[in-house]
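Chemist: The structure under discussion is supplied below as structure tokens; questions concerning it will follow.
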Amino acid sequence: MPFKILASPVVRSLAPGVALPGDEVVARGQALQTELLTVTVDGKPAKVIEATPDQLRFRVPPEVPPDIGRKVAVIFRSGGMSSKPIDLVLGRLPLVTTVSPAAGQPGDKITIAGYGFGADVASNRRDDRPACRPSS
């Protein structure tokens, strides 16, 4: 009787690491292409779009509440074996998570923390307002 040896899925990275429901995300790792593989995001089943042994593309389920800045677990399961959970942050890039101090005067320095900031000032814009100049 033939049998299959299954390897536990291993996920090393998600790109992008920040997404919203409906967005596509690419996972890179090992043992990601089997007919038994399922993906969950925050416990909700995700649609697998395309898979190869070392890369899998999936869509964040629309049922995941879009709580901006919240980390949710992405888990890959195959044949009863699961990957370690990997975090996906809900939001759009660049994503500002904190600004400090909360108030100030013109000319004061502030610290903006978050995900996905580019080295180029223009790439850190989200609308038509003038871009800020990072100091370091």
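Ligands are numbered from 1 in the order shown, residues from 1 within each chain, and chains are lettered A, B, ... in the order they appear in the structure tokens.
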Using only C-alpha atoms, which protein or nucleic acid residues come within 10 Å of Glu35 (chain A)? Drop anything in the same chain fewer than 2 positions from it, and give the result as a short mmCIF file (atom, residue, chain, number, x, y, z; two decimals) with C-alpha atoms, in the first residue's frame.
Modeler:
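Generated output (part-v3.cif):
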```
data_model
loop_
_atom_site.label_atom_id
_atom_site.label_comp_id
_atom_site.auth_asym_id
_atom_site.auth_seq_id
_atom_site.Cartn_x
_atom_site.Cartn_y
_atom_site.Cartn_z
CA LEU A 32 4.30 24.78 1.38
CA GLN A 33 2.93 22.88 -1.63
CA LEU A 37 -2.17 22.48 3.09
CA THR A 38 -4.51 25.02 4.67
CA ALA A 51 1.78 27.41 -4.06
CA SER A 78 -0.70 20.07 6.44
CA GLY A 79 -1.73 16.52 7.31
#
```
Chemist: Need to verify the contact set: Arg28 (chain A), 7 Å, only C-alpha atoms, exclusion of same-chain residues closer than 6 positions in sequence. Can you return it as a PDB file with N, CA, C and O atoms, in the first residue's frame?
Modeler:
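As a result, selection11.pdb now contains:
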```pdb
ATOM      1  N   VAL A  11       7.417  28.319   7.843  1.00  0.00           N
ATOM      2  CA  VAL A  11       7.295  29.646   7.230  1.00  0.00           C
ATOM      3  C   VAL A  11       8.355  30.546   7.832  1.00  0.00           C
ATOM      4  O   VAL A  11       8.443  30.699   9.042  1.00  0.00           O
ATOM      5  N   ARG A  12       9.176  31.144   6.962  1.00  0.00           N
ATOM      6  CA  ARG A  12      10.252  32.024   7.405  1.00  0.00           C
ATOM      7  C   ARG A  12       9.879  33.500   7.326  1.00  0.00           C
ATOM      8  O   ARG A  12      10.381  34.311   8.083  1.00  0.00           O
ATOM      9  N   SER A  13       9.001  33.857   6.361  1.00  0.00           N
ATOM     10  CA  SER A  13       8.650  35.279   6.220  1.00  0.00           C
ATOM     11  C   SER A  13       7.326  35.441   5.500  1.00  0.00           C
ATOM     12  O   SER A  13       6.879  34.547   4.774  1.00  0.00           O
ATOM     13  N   LEU A  14       6.715  36.609   5.733  1.00  0.00           N
ATOM     14  CA  LEU A  14       5.526  37.044   5.016  1.00  0.00           C
ATOM     15  C   LEU A  14       5.854  38.369   4.343  1.00  0.00           C
ATOM     16  O   LEU A  14       6.502  39.230   4.938  1.00  0.00           O
ATOM     17  N   ASP A  54       8.445  26.219  -1.877  1.00  0.00           N
ATOM     18  CA  ASP A  54       9.067  27.208  -0.983  1.00  0.00           C
ATOM     19  C   ASP A  54       8.355  28.568  -0.954  1.00  0.00           C
ATOM     20  O   ASP A  54       8.830  29.504  -0.310  1.00  0.00           O
ATOM     21  N   GLN A  55       7.196  28.670  -1.618  1.00  0.00           N
ATOM     22  CA  GLN A  55       6.481  29.944  -1.619  1.00  0.00           C
ATOM     23  C   GLN A  55       4.989  29.693  -1.783  1.00  0.00           C
ATOM     24  O   GLN A  55       4.574  28.840  -2.558  1.00  0.00           O
ATOM     25  N   LEU A  56       4.182  30.453  -1.043  1.00  0.00           N
ATOM     26  CA  LEU A  56       2.737  30.308  -1.127  1.00  0.00           C
ATOM     27  C   LEU A  56       2.096  31.691  -1.094  1.00  0.00           C
ATOM     28  O   LEU A  56       2.476  32.537  -0.283  1.00  0.00           O
TER      29      LEU A  56
END
```
Chemist: Excluding Ile86 (chain A) and any residue of its chain fewer than 2 positions from it, enumerate the residues within 10 Å of it, using only C-alpha atoms, and give them as a list in words.
Modeler: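 Everything that qualifies: Val10, Val11, Arg12, Ser13, Leu14, Gly17, Ala27, Val41, Lys71, Val72, Ala73, Val74, Ile75, Phe76, Ser83, Lys84 and Leu88 of chain A.
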Chemist: Measure the distance from CA of Thr97 (chain A) to CA of Ala15 (chain A) in Å and round it to one decimal.
Modeler: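 Rounded to one decimal, the two atoms are 18.8 Å apart.
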Chemist: Just checking: using only C-alpha atoms, which residue out of A:Ala7, A:Ala102, A:Val26, A:Ala119 ends up closest to Arg77 (chain A)?
Modeler: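 Of the candidates, the smallest distance to Arg77 (chain A) is held by A:Ala7.
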Chemist: What are the DSSP strand (DSSP E or B) residues of chain A, as a PyMOL selection string?
Modeler: chain A and resi 10-15+18-19+24-30+38-41+44-52+55-59+71-78+81-82+86-90+95-100+111-115
Chemist: Do you know which residues are at most 9 Å from Ile110 (chain A) counting only C-alpha atoms, after dropping those on the same chain fewer than 3 positions away, and could you put them as a compact mmCIF listing (two decimals) with N, CA and C atoms, in the first residue's frame?
Modeler:
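In the end it all went to around08.txt:
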```txt
# COMPACT_ATOMS: atom_id res chain seq x y z
N VAL A 99 3.18 58.04 17.92
CA VAL A 99 3.80 59.35 17.73
C VAL A 99 4.06 59.90 19.12
N SER A 100 5.30 60.33 19.37
CA SER A 100 5.60 60.92 20.68
C SER A 100 6.57 62.09 20.51
N PRO A 101 6.39 63.13 21.29
CA PRO A 101 5.30 63.31 22.25
C PRO A 101 3.97 63.50 21.53
N ALA A 102 2.87 63.40 22.29
CA ALA A 102 1.53 63.51 21.72
C ALA A 102 1.20 64.95 21.33
N ALA A 103 1.90 65.92 21.90
CA ALA A 103 1.66 67.33 21.57
C ALA A 103 2.99 68.06 21.55
N GLY A 104 3.03 69.19 20.86
CA GLY A 104 4.27 69.95 20.79
C GLY A 104 4.06 71.28 20.08
```
Chemist: Please determine, counting only C-alpha atoms, which residue among A:Asp120, A:Asp23, A:Glu63, A:Met81 has the shortest atom-to-atom distance to Ile49 (chain A).
Modeler: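 Nearest to Ile49 (chain A): A:Asp23.
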Chemist: So which residues touch Leu20 (chain A) within 7 Å, counting only C-alpha atoms, skipping near sequence neighbours fewer than 5 positions away, as a list in words?
Modeler: Val60, Pro66, Leu90, Gly91 and Arg92 of chain A
Chemist: Mind writing the picked residues with all heavy atoms as a compact mmCIF listing (two decimals), in the first residue's frame?
Modeler:
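Final file, result.txt:
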```
# COMPACT_ATOMS: atom_id res chain seq x y z
N VAL A 60 -5.79 37.42 2.57
CA VAL A 60 -6.26 37.62 3.94
C VAL A 60 -7.78 37.54 3.91
O VAL A 60 -8.42 38.25 3.12
CB VAL A 60 -5.78 38.97 4.52
CG1 VAL A 60 -6.32 39.17 5.92
CG2 VAL A 60 -4.25 39.06 4.50
N PRO A 66 -10.59 44.32 10.64
CA PRO A 66 -9.45 45.15 10.23
C PRO A 66 -9.01 46.13 11.33
O PRO A 66 -9.03 47.34 11.14
CB PRO A 66 -9.99 45.89 9.01
CG PRO A 66 -11.45 46.01 9.28
CD PRO A 66 -11.84 44.77 10.04
N LEU A 90 -2.12 44.05 10.84
CA LEU A 90 -3.21 44.57 10.03
C LEU A 90 -3.03 46.05 9.76
O LEU A 90 -2.80 46.83 10.70
CB LEU A 90 -4.55 44.33 10.73
CG LEU A 90 -4.89 42.86 10.95
CD1 LEU A 90 -6.15 42.73 11.78
CD2 LEU A 90 -5.06 42.14 9.62
N GLY A 91 -3.08 46.45 8.49
CA GLY A 91 -2.93 47.86 8.13
C GLY A 91 -2.39 48.04 6.73
O GLY A 91 -2.34 47.10 5.95
N ARG A 92 -2.00 49.25 6.41
CA ARG A 92 -1.41 49.63 5.12
C ARG A 92 -0.05 50.25 5.39
O ARG A 92 0.17 50.88 6.41
CB ARG A 92 -2.26 50.68 4.42
CG ARG A 92 -3.55 50.18 3.89
CD ARG A 92 -3.38 49.78 2.42
NE ARG A 92 -4.65 49.35 1.90
CZ ARG A 92 -4.95 48.08 1.66
NH1 ARG A 92 -4.08 47.15 1.88
NH2 ARG A 92 -6.12 47.76 1.19
```
Chemist: Please give the complete set of residues from chain A that DSSP, run on the backbone, assigns to helix (DSSP H, G or I), formatted as an MDAnalysis selection string.
Modeler: chainID A and resid 121:124
Chemist: What is the distance, in Å and to one decimal place, between CA of Glu24 (chain A) and CA of Pro62 (chain A)?
Modeler: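 Separation between CA of Glu24 (chain A) and CA of Pro62 (chain A): 11.4 Å.
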